[in-house]
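A.B. asks: Supplied structure: data.cif, mmCIF, C-alpha atoms.
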data_data
loop_
_atom_site.label_atom_id
_atom_site.label_comp_id
_atom_site.auth_asym_id
_atom_site.auth_seq_id
_atom_site.Cartn_x
_atom_site.Cartn_y
_atom_site.Cartn_z
CA MET T 66 0.00 0.00 0.00
CA SER T 67 1.10 3.54 -0.63
CA SER T 68 2.04 5.97 2.12
CA LYS T 69 -1.03 8.09 1.35
CA PRO T 70 -3.89 7.61 3.84
CA PRO T 71 -6.06 4.85 2.33
CA ILE T 72 -9.36 6.04 3.83
CA ALA T 73 -11.01 9.01 2.09
CA TYR T 74 -13.89 9.35 4.55
CA ILE T 75 -16.11 7.49 7.00
CA ASP T 76 -19.89 7.93 6.97
CA LEU T 77 -21.82 7.23 10.16
CA ARG T 78 -25.57 6.68 10.33
CA VAL T 79 -27.78 5.69 13.24
CA PHE T 80 -31.49 5.80 14.01
CA GLN T 81 -32.78 7.03 17.35
CA HIS T 82 -36.21 5.69 18.19
CA ALA T 83 -38.71 7.47 20.44
CA THR T 84 -37.85 5.17 23.35
CA GLU T 85 -34.13 5.99 23.13
CA ASN T 86 -32.22 8.90 24.59
CA PRO T 87 -30.63 10.91 21.72
CA GLU T 88 -27.53 11.74 23.77
CA LYS T 89 -26.95 8.06 24.53
CA VAL T 90 -27.34 7.14 20.87
CA GLN T 91 -24.73 9.76 19.91
CA THR T 92 -22.46 8.63 22.75
CA ALA T 93 -22.67 5.05 21.48
CA VAL T 94 -21.35 6.19 18.10
CA LYS T 95 -18.62 8.32 19.68
CA ASN T 96 -17.50 5.38 21.84
CA LEU T 97 -16.50 3.57 18.64
CA LEU T 98 -14.18 6.40 17.59
CA THR T 99 -11.00 7.94 18.89
CA GLU T 100 -11.06 11.16 20.88
CA GLU T 101 -9.36 13.01 18.01
CA LEU T 102 -12.24 12.10 15.69
CA THR T 103 -15.03 12.91 18.16
CA GLU T 104 -13.70 16.37 19.10
CA ASN T 105 -15.21 18.01 16.02
CA LEU T 106 -17.90 15.45 15.25
CA ILE T 107 -21.17 17.11 14.30
CA PHE T 108 -24.25 15.02 13.65
CA GLN T 109 -26.82 16.07 11.08
CA LYS T 110 -30.30 15.40 12.38
CA THR T 111 -33.26 14.35 10.23
CA THR T 112 -36.71 13.79 11.71
CA LEU T 113 -38.57 10.81 10.26
CA GLU T 114 -41.80 9.00 10.97
CA GLY T 115 -42.03 5.26 11.59
CA HIS T 116 -44.61 2.86 10.15
CA HIS T 117 -47.05 3.51 12.99
CA GLY T 118 -46.45 7.26 13.11
CA ASN T 119 -43.79 7.00 15.80
CA PRO T 120 -41.04 9.64 15.67
CA ILE T 121 -37.59 8.50 14.54
CA THR T 122 -34.49 10.66 14.30
CA LEU T 123 -31.70 9.84 11.86
CA PHE T 124 -28.25 11.03 12.92
CA THR T 125 -25.59 11.15 10.21
CA ALA T 126 -22.01 12.38 10.15
CA ARG T 127 -19.01 12.24 7.85
CA LEU T 128 -15.46 11.95 9.16
CA THR T 129 -12.79 13.41 6.89
CA ASP T 130 -9.71 13.54 9.14
CA LYS T 131 -7.66 11.16 6.98
CA LYS T 132 -4.75 11.02 9.41
CA ASN T 133 -6.87 9.73 12.32
CA MET T 134 -9.41 7.51 10.51
CA PRO T 135 -7.23 4.37 10.53
CA HIS T 136 -7.10 4.74 14.33
CA ALA T 137 -10.91 4.49 14.43
CA LEU T 138 -10.74 1.14 12.65
CA LYS T 139 -8.03 0.02 15.07
CA LYS T 140 -10.20 1.03 18.04
CA ILE T 141 -13.19 -0.90 16.66
CA ALA T 142 -10.91 -3.88 16.03
CA ASP T 143 -9.56 -3.73 19.58
CA HIS T 144 -13.11 -3.94 20.97
CA LEU T 145 -14.38 -6.73 18.69
CA SER T 146 -14.40 -10.31 19.86
CA SER T 147 -12.35 -12.89 17.99
CA ILE T 148 -15.64 -14.57 17.00
CA ASP T 149 -16.88 -11.35 15.35
CA LYS T 150 -13.55 -10.93 13.55
CA GLU T 151 -13.70 -14.51 12.27
CA GLU T 152 -17.29 -14.00 11.09
CA LEU T 153 -16.27 -10.80 9.28
CA ASP T 154 -13.36 -12.66 7.70
CA ARG T 155 -15.69 -15.39 6.41
CA GLU T 156 -18.20 -12.85 5.07
CA ILE T 157 -15.85 -10.02 4.05
CA ASN T 158 -16.99 -10.07 0.42
CA LEU T 159 -20.51 -9.20 1.60
CA HIS T 160 -19.12 -6.12 3.37
CA ILE T 161 -17.06 -4.66 0.50
CA GLU T 162 -18.55 -2.93 -2.52
CA LYS T 163 -16.95 -0.36 -4.86
CA CYS T 164 -14.09 0.79 -2.59
CA ASN T 165 -16.38 0.80 0.48
CA LEU T 166 -16.32 -1.34 3.61
CA TYR T 167 -19.68 -1.56 5.37
CA LEU T 168 -20.00 -2.42 9.06
CA ARG T 169 -23.09 -2.64 11.27
CA LEU T 170 -22.41 -2.42 14.98
CA ASP T 171 -24.71 -2.87 17.95
CA LYS T 172 -25.79 0.41 19.63
CA GLN T 173 -26.13 -1.03 23.13
CA SER T 174 -22.71 -2.69 23.01
CA ALA T 175 -21.17 0.53 21.69
CA LEU T 176 -22.76 2.52 24.50
CA LEU T 177 -21.02 0.15 26.93
CA GLY T 178 -17.68 0.65 25.14
CA ASN T 179 -17.67 -2.57 23.13
CA ALA T 180 -18.01 -3.40 19.46
CA LYS T 181 -20.27 -6.19 18.26
CA PHE T 182 -21.73 -6.90 14.83
CA THR T 183 -25.51 -6.91 14.47
CA GLN T 184 -28.17 -6.70 11.78
CA THR T 185 -30.87 -5.32 14.09
CA ASP T 186 -31.08 -1.52 14.53
CA PRO T 187 -27.31 -0.99 14.12
CA ILE T 188 -24.88 1.87 13.87
CA HIS T 189 -24.11 1.90 10.14
CA ILE T 190 -20.50 2.63 9.23
CA LYS T 191 -19.35 3.12 5.65
CA ILE T 192 -15.59 3.38 5.20
CA HIS T 193 -14.64 4.72 1.78
CA PHE T 194 -11.19 3.75 0.52
CA LYS T 195 -9.81 5.88 -2.28
CA ASP T 196 -8.89 3.80 -5.34
CA LYS T 197 -8.42 0.52 -3.45
CA THR T 198 -9.26 -2.96 -4.62
CA ALA T 199 -11.14 -5.42 -2.41
CA ASP T 200 -7.85 -7.25 -1.79
CA GLU T 201 -6.16 -4.01 -0.68
CA ILE T 202 -9.06 -3.22 1.65
CA ILE T 203 -8.85 -6.72 3.14
CA GLU T 204 -5.10 -6.33 3.64
CA PHE T 205 -5.65 -2.97 5.37
CA CYS T 206 -8.28 -4.57 7.64
CA LYS T 207 -5.81 -7.31 8.56
CA ASN T 208 -3.13 -4.71 9.35
CA THR T 209 -5.49 -2.81 11.66
CA GLY T 210 -6.61 -6.00 13.41
CA LEU T 211 -10.19 -5.87 12.11
CA LEU T 212 -9.59 -9.24 10.45
CA PRO T 213 -7.60 -12.13 11.93
#
Rewrite the coordinates I just gave you, this time as structure tokens.
C.D. replies:
Amino acid sequence: MSSKPPIAYIDLRVFQHATENPEKVQTAVKNLLTEELTENLIFQKTTLEGHHGNPITLFTARLTDKKNMPHALKKIADHLSSIDKEELDREINLHIEKCNLYLRLDKQSALLGNAKFTQTDPIHIKIHFKDKTADEIIEFCKNTGLLP
């Protein structure tokens, strides 16, 4: 890999349901990141309506601090179980599409300072790699400890 930072940006997206505290939802996302990345993190807020008319808030943010973004992946990797890493390794091709790595992490686990993959009501993370092949993204994930 070149010496240029491989990650162009990271998009974050999470839904806050009416029964959830918005500050806790934002804290859960921030817990997955390094302090350097959360210092200037600003969430965009969109108000939505659920199927039964219940209020839902969508929080989105884009991280562009190229120097510190690899550290976010390292922090997530450090808090993932070996079982989650092995599952990601087996299914990595389902998580990579057009220079992007997609991760879905559990809000409750993140609030408690852990990282755990989930499909139900997750924190959506899209990591965009500039001009990288799937093999280069996989290699980067191995180097950061996200993959075994």
A.B. asks: What would the selection look like, as a PyMOL selection string, if the PyMOL selection byres ((chain T and resi 188) around 12) were run on the coordinates I just shared?
C.D. replies: chain T and resi 76-81+90-97+123-126+167-176+180-187+189-191
A.B. asks: Mind pulling up the distance from CA of Lys139 in chain T to CA of Glu100 in chain T?
C.D. replies: 12.9 Å
A.B. asks: I'd like to see the residues matched by the PyMOL selection byres ((chain T and resi 150-162) around 9) on this file, and ideally I'd get them as a PDB file with C-alpha atoms, keeping the file's coordinate frame.
C.D. replies:
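Result went into selection.pdb, see below:
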ATOM      1  CA  ALA T 142     -10.910  -3.880  16.030  1.00  0.00           C
ATOM      2  CA  LEU T 145     -14.380  -6.730  18.690  1.00  0.00           C
ATOM      3  CA  SER T 146     -14.400 -10.310  19.860  1.00  0.00           C
ATOM      4  CA  SER T 147     -12.350 -12.890  17.990  1.00  0.00           C
ATOM      5  CA  ILE T 148     -15.640 -14.570  17.000  1.00  0.00           C
ATOM      6  CA  ASP T 149     -16.880 -11.350  15.350  1.00  0.00           C
ATOM      7  CA  LYS T 163     -16.950  -0.360  -4.860  1.00  0.00           C
ATOM      8  CA  CYS T 164     -14.090   0.790  -2.590  1.00  0.00           C
ATOM      9  CA  ASN T 165     -16.380   0.800   0.480  1.00  0.00           C
ATOM     10  CA  LEU T 166     -16.320  -1.340   3.610  1.00  0.00           C
ATOM     11  CA  TYR T 167     -19.680  -1.560   5.370  1.00  0.00           C
ATOM     12  CA  LEU T 168     -20.000  -2.420   9.060  1.00  0.00           C
ATOM     13  CA  PHE T 182     -21.730  -6.900  14.830  1.00  0.00           C
ATOM     14  CA  ALA T 199     -11.140  -5.420  -2.410  1.00  0.00           C
ATOM     15  CA  ILE T 202      -9.060  -3.220   1.650  1.00  0.00           C
ATOM     16  CA  ILE T 203      -8.850  -6.720   3.140  1.00  0.00           C
ATOM     17  CA  GLY T 210      -6.610  -6.000  13.410  1.00  0.00           C
ATOM     18  CA  LEU T 211     -10.190  -5.870  12.110  1.00  0.00           C
ATOM     19  CA  LEU T 212      -9.590  -9.240  10.450  1.00  0.00           C
ATOM     20  CA  PRO T 213      -7.600 -12.130  11.930  1.00  0.00           C
TER      21      PRO T 213
END
A.B. asks: Counting only C-alpha atoms, write as a PyMOL selection string all protein and nucleic acid residues lying at most 12 Å from (-10.4, 12.1, 10.3) in the file's frame.
C.D. replies: chain T and resi 70-76+98-106+126-138+192
A.B. asks: Quick check, in Å to one decimal: how far apart do CA of Leu177 in chain T and CA of Thr84 in chain T lie?
C.D. replies: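 Calculated distance between CA of Leu177 in chain T and CA of Thr84 in chain T is 17.9 Å.
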A.B. asks: When you draw a straight line from CA of Ile121 in chain T to CA of Ala83 in chain T, how long is it in Å?
C.D. replies: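 We find that CA of Ile121 in chain T and CA of Ala83 in chain T lie 6.1 Å from each other.
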A.B. asks: Which is closest to Lys140 in chain T among T:Thr112, T:Thr198, T:Thr209, T:Asn86, if we use all atoms listed in the file?
C.D. replies: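 Of all the options, T:Thr209 lies closest to Lys140 in chain T.
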A.B. asks: From the set T:Gly178, T:Gly115, T:Pro87, T:Pro120, which residue has the shortest atom-to-atom contact distance to Ile141 in chain T, counting only C-alpha atoms?
C.D. replies: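 Residue with the minimum atom-to-atom distance to Ile141 in chain T: T:Gly178.
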